[in-house]
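Text of the file protein.txt, holding compact mmCIF, C-alpha atoms:
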# COMPACT_ATOMS: atom_id res chain seq x y z
CA MET A 1 52.36 -62.56 24.78
CA ASN A 2 49.52 -63.18 22.39
CA LYS A 3 49.45 -62.16 18.76
CA ARG A 4 47.40 -59.00 19.35
CA SER A 5 49.78 -57.71 22.03
CA PHE A 6 52.76 -58.46 19.81
CA THR A 7 51.13 -56.48 16.96
CA LEU A 8 50.52 -53.49 19.25
CA VAL A 9 54.12 -53.51 20.50
CA ARG A 10 55.48 -53.86 16.96
CA ASN A 11 53.34 -50.97 15.67
CA ALA A 12 54.37 -48.77 18.60
CA PHE A 13 58.03 -49.57 17.95
CA LEU A 14 57.72 -48.76 14.23
CA SER A 15 55.90 -45.50 15.05
CA GLY A 16 58.68 -44.48 17.44
CA LEU A 17 61.29 -45.45 14.86
CA LEU A 18 59.60 -43.34 12.20
CA LEU A 19 59.42 -40.46 14.65
CA LEU A 20 63.11 -40.62 15.56
CA ALA A 21 64.47 -41.43 12.10
CA PRO A 22 64.25 -37.84 10.71
CA LEU A 23 65.84 -36.47 13.89
CA ALA A 24 68.65 -39.05 13.79
CA ALA A 25 69.26 -38.35 10.09
CA THR A 26 69.37 -34.60 10.76
CA LEU A 27 71.86 -35.00 13.60
CA TYR A 28 73.99 -37.31 11.47
CA VAL A 29 74.09 -34.81 8.57
CA PHE A 30 74.95 -31.91 10.88
CA ASN A 31 77.63 -33.98 12.58
CA LEU A 32 79.21 -34.71 9.19
CA LEU A 33 78.91 -31.02 8.27
CA PHE A 34 80.54 -29.83 11.47
CA GLY A 35 83.25 -32.48 11.21
CA TRP A 36 83.97 -31.61 7.58
CA ILE A 37 83.95 -27.81 7.77
CA GLY A 38 84.78 -27.26 11.42
CA GLY A 39 87.31 -30.09 11.56
CA GLY A 40 89.16 -28.66 8.61
CA PHE A 41 89.39 -25.16 10.07
CA ARG A 42 89.61 -26.07 13.77
CA PRO A 43 93.45 -26.32 13.72
CA ILE A 44 93.52 -22.64 12.74
CA PHE A 45 91.52 -21.53 15.79
CA GLN A 46 92.50 -24.22 18.32
CA PRO A 47 95.96 -22.78 19.19
CA LEU A 48 94.17 -19.63 20.36
CA LEU A 49 92.03 -21.58 22.85
CA PRO A 50 92.87 -22.33 26.49
CA ALA A 51 94.23 -25.86 27.01
CA SER A 52 91.39 -26.72 29.37
CA LEU A 53 88.80 -26.00 26.67
CA ALA A 54 90.60 -27.39 23.61
CA GLN A 55 89.56 -30.95 24.49
CA TYR A 56 85.90 -30.34 23.58
CA THR A 57 86.31 -31.26 19.94
CA ILE A 58 82.67 -31.17 18.83
CA LEU A 59 82.14 -27.76 20.47
CA TRP A 60 85.01 -26.21 18.59
CA ASN A 61 83.98 -27.94 15.37
CA ILE A 62 80.62 -26.20 15.68
CA LEU A 63 82.27 -22.87 16.52
CA ALA A 64 84.67 -23.16 13.57
CA THR A 65 81.75 -24.02 11.26
CA ILE A 66 79.82 -20.94 12.41
CA ILE A 67 82.87 -18.72 11.86
CA VAL A 68 83.35 -20.11 8.34
CA LEU A 69 79.67 -19.59 7.50
CA VAL A 70 79.84 -15.99 8.77
CA ILE A 71 82.92 -15.31 6.63
CA ILE A 72 81.23 -16.79 3.54
CA THR A 73 78.07 -14.76 4.16
CA THR A 74 80.10 -11.57 4.60
CA LEU A 75 81.95 -12.18 1.34
CA GLY A 76 78.64 -12.83 -0.42
CA TYR A 77 77.18 -9.60 0.95
CA LEU A 78 80.21 -7.60 -0.16
CA SER A 79 80.20 -9.15 -3.64
CA ARG A 80 76.49 -8.50 -4.09
CA TYR A 81 76.04 -5.03 -2.65
CA VAL A 82 79.49 -3.43 -2.86
CA PHE A 83 81.27 -5.02 -5.79
CA GLY A 84 77.94 -5.58 -7.54
CA GLN A 85 77.07 -1.89 -7.41
CA TYR A 86 80.56 -0.97 -8.60
CA LEU A 87 80.38 -3.36 -11.56
CA GLY A 88 76.83 -2.22 -12.28
CA GLY A 89 78.02 1.38 -12.42
CA LEU A 90 80.80 0.44 -14.86
CA ALA A 91 78.32 -1.41 -17.08
CA GLU A 92 75.90 1.53 -17.08
CA ARG A 93 78.66 4.00 -18.01
CA PHE A 94 79.70 1.70 -20.86
CA ILE A 95 76.13 1.55 -22.19
CA GLN A 96 75.75 5.32 -21.88
CA SER A 97 78.81 5.75 -24.12
CA ILE A 98 77.24 3.85 -27.06
CA PRO A 99 75.27 6.18 -29.40
CA GLY A 100 71.73 4.99 -30.04
CA VAL A 101 71.86 2.32 -27.37
CA ASN A 102 72.01 4.92 -24.61
CA THR A 103 68.77 6.50 -25.85
CA VAL A 104 66.86 3.23 -25.65
CA TYR A 105 68.47 2.42 -22.28
CA ASN A 106 67.58 5.80 -20.78
CA THR A 107 63.98 5.56 -22.02
CA VAL A 108 63.45 2.11 -20.54
CA LYS A 109 65.15 3.14 -17.31
CA GLN A 110 62.88 6.19 -16.98
CA ILE A 111 59.80 4.05 -17.52
CA VAL A 112 60.90 1.52 -14.89
CA GLU A 113 61.77 4.23 -12.36
CA THR A 114 58.58 6.18 -12.99
CA PHE A 115 56.34 3.18 -12.52
CA SER A 116 58.32 1.40 -9.84
CA THR A 117 56.49 0.21 -6.74
CA GLN A 118 57.63 3.27 -4.80
CA ASN A 119 56.41 5.80 -7.36
CA ARG A 120 53.28 3.81 -8.19
CA ASN A 121 51.98 4.67 -4.73
CA LEU A 122 51.85 8.32 -5.82
CA PHE A 123 48.93 7.43 -8.10
CA SER A 124 45.94 6.90 -5.86
CA LYS A 125 43.57 5.68 -8.60
CA VAL A 126 42.83 5.58 -12.31
CA VAL A 127 40.38 8.15 -13.64
CA LEU A 128 38.85 9.22 -16.93
CA VAL A 129 38.95 12.88 -17.98
CA GLN A 130 38.04 14.85 -21.09
CA PHE A 131 41.33 15.78 -22.75
CA PRO A 132 42.57 17.48 -24.93
CA ARG A 133 39.07 18.72 -25.85
CA PRO A 134 35.50 18.20 -24.61
CA GLY A 135 34.09 14.91 -25.83
CA SER A 136 37.54 13.28 -26.08
CA TYR A 137 38.39 11.04 -23.13
CA THR A 138 41.77 9.84 -21.88
CA ILE A 139 43.18 7.78 -19.04
CA GLY A 140 44.73 9.69 -16.14
CA PHE A 141 45.95 9.07 -12.61
CA LEU A 142 44.60 10.96 -9.64
CA THR A 143 47.64 12.18 -7.72
CA ASN A 144 46.34 14.66 -5.17
CA ARG A 145 43.22 16.15 -3.62
CA THR A 146 45.10 18.70 -1.54
CA GLN A 147 43.89 22.26 -1.93
CA GLY A 148 46.60 24.89 -2.53
CA GLU A 149 47.15 28.34 -3.98
CA ALA A 150 45.71 27.48 -7.41
CA GLN A 151 42.47 26.39 -5.79
CA VAL A 152 42.30 29.52 -3.66
CA LYS A 153 42.98 31.82 -6.63
CA THR A 154 40.24 30.19 -8.72
CA ALA A 155 37.84 29.85 -5.76
CA ARG A 156 37.14 26.27 -6.85
CA GLU A 157 37.95 22.82 -5.55
CA LEU A 158 40.47 21.32 -7.98
CA TRP A 159 42.06 17.88 -7.94
CA THR A 160 45.40 17.06 -9.53
CA VAL A 161 45.39 14.52 -12.36
CA PHE A 162 48.44 13.29 -14.28
CA VAL A 163 47.74 12.37 -17.90
CA PRO A 164 50.70 10.38 -19.30
CA THR A 165 51.70 10.23 -22.95
CA THR A 166 51.71 6.99 -24.95
CA PRO A 167 53.78 4.83 -25.29
CA ASN A 168 56.34 6.69 -23.15
CA PRO A 169 54.51 7.52 -19.91
CA THR A 170 57.47 9.32 -18.33
CA SER A 171 56.14 12.57 -19.79
CA GLY A 172 52.62 13.91 -19.74
CA PHE A 173 50.34 16.69 -18.58
CA MET A 174 49.33 17.81 -15.12
CA LEU A 175 45.71 18.89 -15.04
CA LEU A 176 43.81 20.67 -12.28
CA LEU A 177 40.18 19.64 -12.65
CA PRO A 178 37.04 20.01 -10.54
CA PRO A 179 35.81 16.70 -9.07
CA GLU A 180 32.64 16.70 -11.17
CA GLU A 181 34.77 16.47 -14.34
CA ILE A 182 36.68 13.41 -13.10
CA ILE A 183 35.23 9.94 -13.67
CA ASP A 184 36.42 7.20 -11.31
CA LEU A 185 37.47 3.90 -12.89
CA GLU A 186 37.53 0.51 -11.15
CA MET A 187 40.71 -0.76 -12.84
CA SER A 188 43.87 -0.97 -10.76
CA VAL A 189 46.79 1.40 -11.19
CA GLY A 190 48.83 -1.45 -12.68
CA ASP A 191 46.15 -2.15 -15.31
CA GLY A 192 45.97 1.54 -16.12
CA MET A 193 49.73 1.63 -16.68
CA LYS A 194 49.55 -1.39 -19.00
CA MET A 195 46.81 0.28 -21.02
CA VAL A 196 48.80 3.50 -21.39
CA ILE A 197 52.14 1.86 -22.25
CA SER A 198 50.50 -0.49 -24.78
CA GLY A 199 48.78 2.38 -26.55
CA GLY A 200 45.38 0.92 -25.75
CA THR A 201 46.08 -2.55 -27.18
CA VAL A 202 45.81 -4.04 -23.67
CA ILE A 203 42.32 -3.42 -22.30
CA PRO A 204 41.67 -4.53 -18.71
CA PRO A 205 38.47 -6.55 -18.20
CA VAL A 206 35.45 -4.81 -16.78
CA PRO A 207 35.32 -5.56 -13.03
CA ALA A 208 32.27 -7.11 -11.42
CA ARG A 209 29.55 -4.64 -10.56
CA ARG A 210 29.29 -3.44 -6.99
CA PRO A 211 26.93 -1.05 -5.19
CA PRO A 212 27.37 2.49 -6.52
CA GLU A 213 29.42 4.88 -4.43
CA PRO A 214 27.95 8.20 -3.33
CA PRO A 215 28.63 10.99 -5.84
CA LEU A 216 31.62 13.26 -5.41
CA VAL A 217 30.56 16.41 -3.58
CA SER A 218 32.39 19.61 -4.40
CA ARG A 219 32.82 22.21 -1.73
CA SER A 220 31.54 25.72 -2.17
CA PRO A 221 33.88 28.54 -3.27
CA GLN A 222 33.67 29.99 0.24
CA ASP A 223 34.99 26.75 1.72
CA VAL A 224 37.89 26.64 -0.75
CA SER A 225 38.80 30.29 -0.27
CA SER A 226 39.05 29.70 3.45
CA VAL A 227 41.87 27.11 3.03
Please express what this file holds, its structure, as C-alpha cells.
Amino acid sequence: MNKRSFTLVRNAFLSGLLLLAPLAATLYVFNLLFGWIGGGFRPIFQPLLPASLAQYTILWNILATIIVLVIITTLGYLSRYVFGQYLGGLAERFIQSIPGVNTVYNTVKQIVETFSTQNRNLFSKVVLVQFPRPGSYTIGFLTNRTQGEAQVKTARELWTVFVPTTPNPTSGFMLLLPPEEIIDLEMSVGDGMKMVISGGTVIPPVPARRPPEPPLVSRSPQDVSSV
C-alpha cells in the first residue's frame, strides 16, 4: 500500500470515527441514565413481571426510567397548575387585605388584563379623533365597524372608537363617529398603548411612507337605514 492509499484509508477511518463518536457517546449516556434511574427502581416493578420476561434487564431498566419520568412530570404539572394556582390565590387574597397596597395591585392588574394579548385583539387599529372638542385631537382605538341600532336611528354610518384615559387606560370613552371624522394612524396597537400609558412621553417613530390608501367611503343614509 503506497502512501497515498494509506492516507485515504486513514482519512476515511477518522471520518467514520467522527461520525460514530456522537452516537456512541449518546448511547453510553443513555445507558448510564437507564442503569442509574431504572436500575434503582427496577426491583420495585420486577416482582410484578412474569418470570419469562424478568430476565431482560435493559428492557425493564428503560421501562422503569420511563415510569419514573412520567411520575416526576405529573408531580411537576400538579405543583405548577394546581398547587401553584392555590398558592397564587392565597397570595392575592393576602395582598387584597392590605390597605393602600390593594389599590395599586388592582390598578396594575386591570391594566394588564385590559391590554393582554387576548383583549388587544379587540382593538383593530389606532386612530386619531377630535375629542373632547373640535380642534383637539386624541389617540383612540377602532373597535368595531358593525352597524347597529344607533346607526339606524341616526341614519348615518358610525364606527365605534374607544378613547382611553391617561395614565390609567382601563377607563375611557366610547365614541360613535362617522368614518370621515376618523383619521387612520400607521402605528401599531402596542405603540398606541405605550403612548397612552406614558401620557405622551413615549412617541412612536413615524413609519416609512407607503402608497396612500383609498379614502374611506361612507354609505348613504338609505343604505344604513336598510341594515
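Between atom CA of Phe162 of chain A and atom CA of Met174 of chain A there is a distance of 4.7 Å.
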Item checked: Residue contacts of Pro164 of chain A (8 Å, all atoms listed in the file) excluding same-chain residues fewer than 3 positions away, as an MDAnalysis selection string -> chainID A and resid 139:140 168:173 196
Notebook entry, point to check: What is the distance between atom CA of Thr26 of chain A and atom CA of Ile71 of chain A, in Å to one decimal?
Noted result: 23.9 Å
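Closest approach to Ser124 of chain A among A:Val206, A:Ala12, A:Leu185, A:Val101 is made by A:Leu185 (distances from only C-alpha atoms).
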Margin query: As an exercise, work out the distance from atom CA of Val126 of chain A to atom CA of Tyr105 of chain A in Å and give it to one decimal place.
Written below: 27.7 Å
